[in-house]
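Here the structure is laid out as structure tokens; the discussion comes afterwards.
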Amino acid sequence: MIVPFVDLKAQYLAIRDEVRAAIDTVFDQCEFVLGQEVTAFEAEFARYCHAKHALGVANGLDALTLVARGLGIGPGDEVIVPAMTFIASALAFSQVGATPVLVDVTSDSALIDPARIEAAITPRTKAICAVHLYGQCADMAAITAVAARHGLPVIEDAAQAHGADDNGLRAGSLGLAACFSFYPGKNLGGYGDAGGICTNDDALNERLSSLRNYGAKVKYHHEQLGGNSRLDSIQAAILRVKLRYLDGWTAARRQHAARYDAVLADLPQVRRTIYRPGSVYHLYVIRVADRDAALTKLHQAGIGAGIHYPFALHQQECYRDLGYQPGDFPNAEDWAAHSISLPLYAELPEDAPERVAAVLRVL
Ligand SMILES: *Cc1c(COP(=O)(O)O)cnc(C)c1O
């Protein structure tokens, strides 16, 4: 590949010495699970997200599942989830025995359509999960207004949106709780699995802190049926290093995205995503009529394009029993059928957008 889809190696080489020193510190302390590196990362990440609390957990899916448990969501309950997202946004609620109720996304941005939420609310609805897909915040003002009318909490799935803003407010501080993934390929990624939860709610934070560690606040005093979803100290130490670079990486992503916008603007073959302001561009997604042909040409030109995501949630085998039909979520189906994710990361070669445009121009 001349332009790979992601290039974790380029980023690692730029921060190699700092990362290795941070890992050495953990080895010297011999404190490998939770502990001072995790506590320090939690404080730094909470500050970064303009949130009162942050908790390190094992991964992004666990972050969502823990929040569901912490809010008492369980069998018989429903949670509203956008039809176009990564499976984890719905799976977390299935894991606690609740039912995801899907709502279509917008045609412009692939974000949950606030205007369609109200029709999906029933007496069983316990929460709305707002997914900040592709690095852009969902329209939280509109979603919060609907939620408030029905007394429902909003859970942010911010796994793709570290540092994204919505009307001057930061992802992680916009709902009752916000769930992050630090999977290696995310905008802020560890060198292994890791996740986090932000909240401004003291009581919820305390419940979640105990739930991630066997339901005990004090060792061997188990107040709740908790689980093990602790963050490794090594991941926390690495994430502390990388958090210091995140704003610089985000600025570079935004510049590359602006370049893509410019070079793709005059191509009638390409439908660009209308990213909401404040996006951190986890992915740069376009839509084309003949995706197979476009992907083949991009790959032949050495450009590592991908698909996020090839199926809407109601098209997934595991969710067949939800009983949805083809055509129920036309926008989500359109994104699933036609979207292509172009390479985008801080270290993207400067000429990548022009190379991509040259291929797509002759589709
Ligand atoms: C990555 C991701 C998750 C899950 O995170 P993991 O750390 O992989 O468990 C959840 N939601 C969205 C939108 C994601 O992109």
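Convention: chains lettered A, B, ... in structure tokens order; per-chain residue numbering from 1; ligands numbered from 1 as shown.
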Could you build a table of the residues in chain A lying no more than 8 Å from ligand 1, giving for each the nearest pair of atoms and their separation in Å rounded to one decimal place, using only C-alpha atoms and all ligand atoms, ordered by chain and ascending residue number, as CSV?
```
residue,atom,partner,partner_atom_place_in_ligand_line,distance
A:Ala58,CA,ligand 1,7 (O),7.7
A:Asn59,CA,ligand 1,7 (O),4.0
A:Gly60,CA,ligand 1,5 (O),3.4
A:Leu61,CA,ligand 1,9 (O),3.8
A:Asp62,CA,ligand 1,9 (O),6.5
A:Ala63,CA,ligand 1,9 (O),7.9
A:Leu64,CA,ligand 1,10 (C),7.7
A:Thr85,CA,ligand 1,13 (C),5.8
A:Phe86,CA,ligand 1,13 (C),4.9
A:Ile87,CA,ligand 1,11 (N),7.1
A:Ala88,CA,ligand 1,10 (C),4.6
A:Ser89,CA,ligand 1,11 (N),5.0
A:Val131,CA,ligand 1,13 (C),6.1
A:His132,CA,ligand 1,13 (C),7.0
A:Leu133,CA,ligand 1,13 (C),6.0
A:Asp157,CA,ligand 1,11 (N),5.8
A:Ala158,CA,ligand 1,13 (C),6.7
A:Ala159,CA,ligand 1,14 (C),4.7
A:Gln160,CA,ligand 1,15 (O),5.2
A:Cys179,CA,ligand 1,10 (C),7.8
A:Phe180,CA,ligand 1,5 (O),7.0
A:Ser181,CA,ligand 1,7 (O),4.1
A:Phe182,CA,ligand 1,7 (O),5.8
A:Tyr183,CA,ligand 1,7 (O),4.8
A:Lys186,CA,ligand 1,1 (C),7.1
A:Asp193,CA,ligand 1,7 (O),6.0
A:Ala194,CA,ligand 1,7 (O),6.0
A:Gly195,CA,ligand 1,7 (O),5.7
```
Identify, on the basis of only C-alpha atoms, every residue whose closest approach to Ala237 (chain A) does not exceed 7 Å; exclude the query and any residue fewer than 2 positions from it along the same chain; express the result as a PDB file with N, CA and C atoms, in the first residue's frame.
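Saved as around35.pdb:
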```
ATOM      1  N   ALA A  22       7.637   5.354  29.804  1.00  0.00           N
ATOM      2  CA  ALA A  22       6.416   5.231  30.604  1.00  0.00           C
ATOM      3  C   ALA A  22       6.186   3.773  30.998  1.00  0.00           C
ATOM      4  N   ILE A  23       6.423   2.865  30.067  1.00  0.00           N
ATOM      5  CA  ILE A  23       6.246   1.442  30.372  1.00  0.00           C
ATOM      6  C   ILE A  23       7.267   0.998  31.418  1.00  0.00           C
ATOM      7  N   GLU A  37      -0.885   4.912  38.024  1.00  0.00           N
ATOM      8  CA  GLU A  37      -0.906   5.362  36.621  1.00  0.00           C
ATOM      9  C   GLU A  37      -2.347   5.501  36.133  1.00  0.00           C
ATOM     10  N   SER A 233      -2.323  -0.892  34.122  1.00  0.00           N
ATOM     11  CA  SER A 233      -1.473   0.280  34.373  1.00  0.00           C
ATOM     12  C   SER A 233      -0.608   0.609  33.156  1.00  0.00           C
ATOM     13  N   ILE A 234      -0.161  -0.410  32.447  1.00  0.00           N
ATOM     14  CA  ILE A 234       0.681  -0.156  31.264  1.00  0.00           C
ATOM     15  C   ILE A 234      -0.101   0.644  30.225  1.00  0.00           C
ATOM     16  N   GLN A 235      -1.364   0.264  30.002  1.00  0.00           N
ATOM     17  CA  GLN A 235      -2.172   1.015  29.034  1.00  0.00           C
ATOM     18  C   GLN A 235      -2.377   2.446  29.510  1.00  0.00           C
ATOM     19  N   LEU A 239      -1.383   5.742  27.533  1.00  0.00           N
ATOM     20  CA  LEU A 239      -2.429   6.717  27.198  1.00  0.00           C
ATOM     21  C   LEU A 239      -2.100   8.100  27.752  1.00  0.00           C
ATOM     22  N   ARG A 240      -1.427   8.160  28.901  1.00  0.00           N
ATOM     23  CA  ARG A 240      -1.026   9.466  29.458  1.00  0.00           C
ATOM     24  C   ARG A 240      -0.052  10.163  28.509  1.00  0.00           C
ATOM     25  N   VAL A 241       0.876   9.408  27.960  1.00  0.00           N
ATOM     26  CA  VAL A 241       1.816   9.992  26.983  1.00  0.00           C
ATOM     27  C   VAL A 241       1.050  10.478  25.760  1.00  0.00           C
TER      28      VAL A 241
END
```
Can you list, as a ChimeraX atom specification, all residues belonging to region 59-209 of chain A that DSSP tags as strand (DSSP E or B)?
/A:78-82,99-103,105,112,125-131,154-157,165-166,169-170,177-181,195-199
Can you list every residue in region 147-326 of chain A that DSSP puts in alpha helix (DSSP H), as a VMD selection string?
chain A and resid 147 to 149 202 to 211 233 to 264 291 to 300
Written selection (C-alpha atoms) as a PDB file, in the first residue's frame:
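Here's the written file out-v5.pdb:
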```pdb
ATOM      1  CA  ALA A 147     -34.816  12.997  26.385  1.00  0.00           C
ATOM      2  CA  ALA A 148     -35.780  15.679  28.895  1.00  0.00           C
ATOM      3  CA  ARG A 149     -39.416  15.643  27.726  1.00  0.00           C
ATOM      4  CA  ASP A 202     -20.901  11.507  41.729  1.00  0.00           C
ATOM      5  CA  ALA A 203     -23.181   8.632  42.718  1.00  0.00           C
ATOM      6  CA  LEU A 204     -23.047   6.988  39.288  1.00  0.00           C
ATOM      7  CA  ASN A 205     -19.266   7.339  39.211  1.00  0.00           C
ATOM      8  CA  GLU A 206     -18.999   5.601  42.555  1.00  0.00           C
ATOM      9  CA  ARG A 207     -21.291   2.766  41.453  1.00  0.00           C
ATOM     10  CA  LEU A 208     -19.328   2.286  38.232  1.00  0.00           C
ATOM     11  CA  SER A 209     -16.001   2.398  40.030  1.00  0.00           C
ATOM     12  CA  SER A 210     -17.163  -0.496  42.178  1.00  0.00           C
ATOM     13  CA  LEU A 211     -18.873  -2.409  39.322  1.00  0.00           C
ATOM     14  CA  SER A 233      -1.473   0.280  34.373  1.00  0.00           C
ATOM     15  CA  ILE A 234       0.681  -0.156  31.264  1.00  0.00           C
ATOM     16  CA  GLN A 235      -2.172   1.015  29.034  1.00  0.00           C
ATOM     17  CA  ALA A 236      -2.840   3.963  31.339  1.00  0.00           C
ATOM     18  CA  ALA A 237       0.844   4.982  31.251  1.00  0.00           C
ATOM     19  CA  ILE A 238       0.855   4.808  27.423  1.00  0.00           C
ATOM     20  CA  LEU A 239      -2.429   6.717  27.198  1.00  0.00           C
ATOM     21  CA  ARG A 240      -1.026   9.466  29.458  1.00  0.00           C
ATOM     22  CA  VAL A 241       1.816   9.992  26.983  1.00  0.00           C
ATOM     23  CA  LYS A 242      -0.485   9.933  23.973  1.00  0.00           C
ATOM     24  CA  LEU A 243      -3.077  12.257  25.533  1.00  0.00           C
ATOM     25  CA  ARG A 244      -0.445  15.024  25.465  1.00  0.00           C
ATOM     26  CA  TYR A 245      -0.231  14.654  21.673  1.00  0.00           C
ATOM     27  CA  LEU A 246      -3.926  14.251  20.971  1.00  0.00           C
ATOM     28  CA  ASP A 247      -4.774  17.880  20.173  1.00  0.00           C
ATOM     29  CA  GLY A 248      -1.883  18.064  17.707  1.00  0.00           C
ATOM     30  CA  TRP A 249      -2.992  14.840  16.018  1.00  0.00           C
ATOM     31  CA  THR A 250      -6.571  16.106  15.872  1.00  0.00           C
ATOM     32  CA  ALA A 251      -5.431  19.359  14.242  1.00  0.00           C
ATOM     33  CA  ALA A 252      -3.586  17.321  11.593  1.00  0.00           C
ATOM     34  CA  ARG A 253      -6.667  15.122  11.010  1.00  0.00           C
ATOM     35  CA  ARG A 254      -8.793  18.248  10.523  1.00  0.00           C
ATOM     36  CA  GLN A 255      -6.325  19.636   7.986  1.00  0.00           C
ATOM     37  CA  HIS A 256      -6.305  16.404   5.995  1.00  0.00           C
ATOM     38  CA  ALA A 257     -10.110  16.288   6.119  1.00  0.00           C
ATOM     39  CA  ALA A 258     -10.312  19.862   4.812  1.00  0.00           C
ATOM     40  CA  ARG A 259      -7.987  18.854   1.955  1.00  0.00           C
ATOM     41  CA  TYR A 260     -10.223  15.862   1.119  1.00  0.00           C
ATOM     42  CA  ASP A 261     -13.257  18.173   1.200  1.00  0.00           C
ATOM     43  CA  ALA A 262     -11.539  20.540  -1.239  1.00  0.00           C
ATOM     44  CA  VAL A 263     -10.305  17.983  -3.774  1.00  0.00           C
ATOM     45  CA  LEU A 264     -13.536  15.937  -3.732  1.00  0.00           C
ATOM     46  CA  ARG A 291     -18.706   0.918  -4.187  1.00  0.00           C
ATOM     47  CA  ASP A 292     -17.156  -2.335  -5.357  1.00  0.00           C
ATOM     48  CA  ALA A 293     -15.709  -0.641  -8.437  1.00  0.00           C
ATOM     49  CA  ALA A 294     -14.418   2.313  -6.407  1.00  0.00           C
ATOM     50  CA  LEU A 295     -12.788   0.102  -3.771  1.00  0.00           C
ATOM     51  CA  THR A 296     -11.128  -2.041  -6.429  1.00  0.00           C
ATOM     52  CA  LYS A 297      -9.682   1.043  -8.143  1.00  0.00           C
ATOM     53  CA  LEU A 298      -8.498   2.557  -4.875  1.00  0.00           C
ATOM     54  CA  HIS A 299      -6.820  -0.678  -3.823  1.00  0.00           C
ATOM     55  CA  GLN A 300      -5.205  -1.068  -7.265  1.00  0.00           C
TER      56      GLN A 300
END
```
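The smallest atom-to-atom distance between Pro4 (chain A) and any of A:Gly306, A:Thr199, A:Val362, A:Glu333, using only C-alpha atoms, is found for A:Gly306.
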Compile the contact shell of region 171-178 of chain A as a VMD selection string: residues with an atom at most 8 Å away, counting only C-alpha atoms, same-chain residues fewer than 4 positions apart removed.
chain A and resid 49 to 51 67 137 140 144 153 to 158 161 to 166 197 to 201
How many Å separate CA of Pro123 (chain A) from CA of Glu223 (chain A)?
29.7 Å
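Within 10 Å of region 316-320 of chain A, once only C-alpha atoms are used and residues closer than 2 positions along the same chain are dropped, the contacting residues are Ile87, Ala90, Leu91, Ser94, Pro100, Pro310, Phe311, Ala312, Leu313, His314, Leu322, Gly323, Tyr324 and Gln325 of chain A.
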